[in-house]
Each structure stands twice: as structure tokens, then as C-alpha cells.
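Student: Attaching a single structure in C-alpha cells format; questions to follow.
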Amino acid sequence: MSTLPTREPGPAGRLALAGMGVAVLIAIHLHIRLSAEVSPLWRTLSEYVNAGAAPIFGVMCLALAAGSLALLVGIARARRGGAVPVLLGFWCAGLVVCGLVPVDADGAARTLSGQLHNGGAVLAFLSLPLAGWLLTRRSDAHCPWEPRRTTIRRLSVASAVTLGVVLASFAWIMSTGPADPVVTLGLFERVLFAVDLALLLTMTRPLLSSARR
């Protein structure tokens, strides 16, 4: 039986929300501040790095990684072991790589750092929906996540499907050339970001409960 470790809301849930909240505020700030330089329709979030906002973009990624790490700790304390904490660890590691390693500029030659950045992003976005799916793989009335099982699973599927769209769009752009893009990769990636944020928040909600499960 899965139980939360305390009757009072533990710090893990609050820390997770704080990290995610900081990341969202920074994302909003970047969209407003650099709306003329980075089109949210065509350009990915990582391209804020090449628009002179590398430090703040890094802080955004690290804040989301810190919030996700708090979620990982909360899930582990609630005795949800196995692959879920490992996958959340991969998600956090991928975010850290994205925050610290710069992406290649649009149209520039591919570099090792750019490949590492892209690899970190793929690692992160693959790991999170798997973690969400496995978190609710068993139907257990005493599991803190059971009341949200359907929502978590739907968001996990939506995340995986949207990731597929993003990767297919990226592959199309790489094969046809970056000039005159016809694929709204930026929009697809922002939808993925929103879905994953909703998934993280849904996974965090049981950690804020004051009742012992």
C-alpha cells in the first residue's frame, strides 16, 4: 500500500510548485520581452538563448528541474519506487543539460554542444510521459495518485503524441532546410511544454494533501 509519509503537507509539494511557478513566470517574461526576435509560432524555446537571453533561459530550465526534483523526492517518500523516480531523474538531467549547454543558432553548423542540448531535450521529453504512465500503472485505492489516474494517463499520452509531432517537425525542417519554414515547430513545442507542465502539476497535487492516505 502506498502512503504519504506525514499528515501535514510536506515541503516537497510546495517546493515543486515553487520551482514550476518560477519557470512559468520566466517563460512568460521571455515571450513578452523577446516577442519581436523569437516568434512563438516558428521558433523553439531554446532559441531565446541566441536572442541574448541565455542566462535567464538557463534559470528557467534549472528552476523547472529543481521543482521536478522536489516532485521526485515526494514520490519516492510516498513509496512509489521503481522506474518512476529514475525517469523523473532523467527528466531533471535533461532540463539541466538544456539550461547549461547552448543550442546551435538557427542555420548554423551543428556543434557538439548543440547536439548535447538537443539530446538533453529529447531525453527529458521522452522520460516525463513514461514516468506519468508508470506512476499510475496499478489500480490501488490507497495510492495518492489513484484519484487522478485517468487525468495523468491522458496527459502522458498527450505528451507522447505531441512529442512525436515535434520530432517529426524537426526532422522535416532538417531535411528540407531552415529557410522559409512551413512547419510551426515553435507552436508545437509550446503545446508540448504546456501539456508537460499540466502533467507535472497533476502529479504534484497529491503531495499537497494534508490527509494521510
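Each chain of the C-alpha cells is named A, B, ... in the order shown, its residues numbered from 1; ligands are numbered from 1 in display order.
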Write out as a list in words which residues come within 6 Å of segment 71-75 of chain A when counting only C-alpha atoms, dropping same-chain ones fewer than 3 positions away.

Tutor: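 Near segment 71-75 of chain A, the qualifying residues are Ala12, Ala16, Ser68, Ala78, Arg80 and Pro85 of chain A.
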
Student: Name the residues of segment 43-140 of chain A that come out as alpha helix (DSSP H) in a backbone DSSP run; write them as a ChimeraX atom specification.

Tutor: /A:54-77,83-100,112-135

Student: Name the closest residue to Pro102 of chain A among the candidates A:Ser169, A:Ser39, A:Asn118, A:Thr204; distances are taken between atoms, counting only C-alpha atoms.

Tutor: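 Checking each of A:Ser169, A:Ser39, A:Asn118, A:Thr204 against Pro102 of chain A, counting only C-alpha atoms, the winner is A:Asn118.
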
Student: Can you tell me which residues surround Ala124 of chain A at a distance of at most 7 Å, considering only C-alpha atoms, apart from same-chain residues fewer than 6 positions away, and format the answer as a list in words?

Tutor: Phe90, Trp91, Cys92, Gly94 and Leu95 of chain A

Student: Contacts of Trp133 of chain A at 6 Å or less, counting only C-alpha atoms, minus same-chain residues fewer than 3 places along, as a ChimeraX atom specification?

Tutor: /A:130,136,153,156

Student: Quick one, how far is atom CA of Ala65 of chain A from atom CA of Ser113 of chain A?

Tutor: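 These atoms are spaced 19.4 Å apart.
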
Student: Which residues, written as a ChimeraX atom specification, have at least one atom at most 10 Å from Ala121 of chain A, with only C-alpha atoms counted and residues fewer than 2 positions away on the same chain left out?

Tutor: /A:46,91,93-99,115-119,123-127

Student: Nearest to Ala18 of chain A: which of A:His31, A:Ala70, A:Leu155, A:Ile56 is it, counting only C-alpha atoms?

Tutor: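 Comparing A:His31, A:Ala70, A:Leu155, A:Ile56 against Ala18 of chain A, the winner is A:Ala70.
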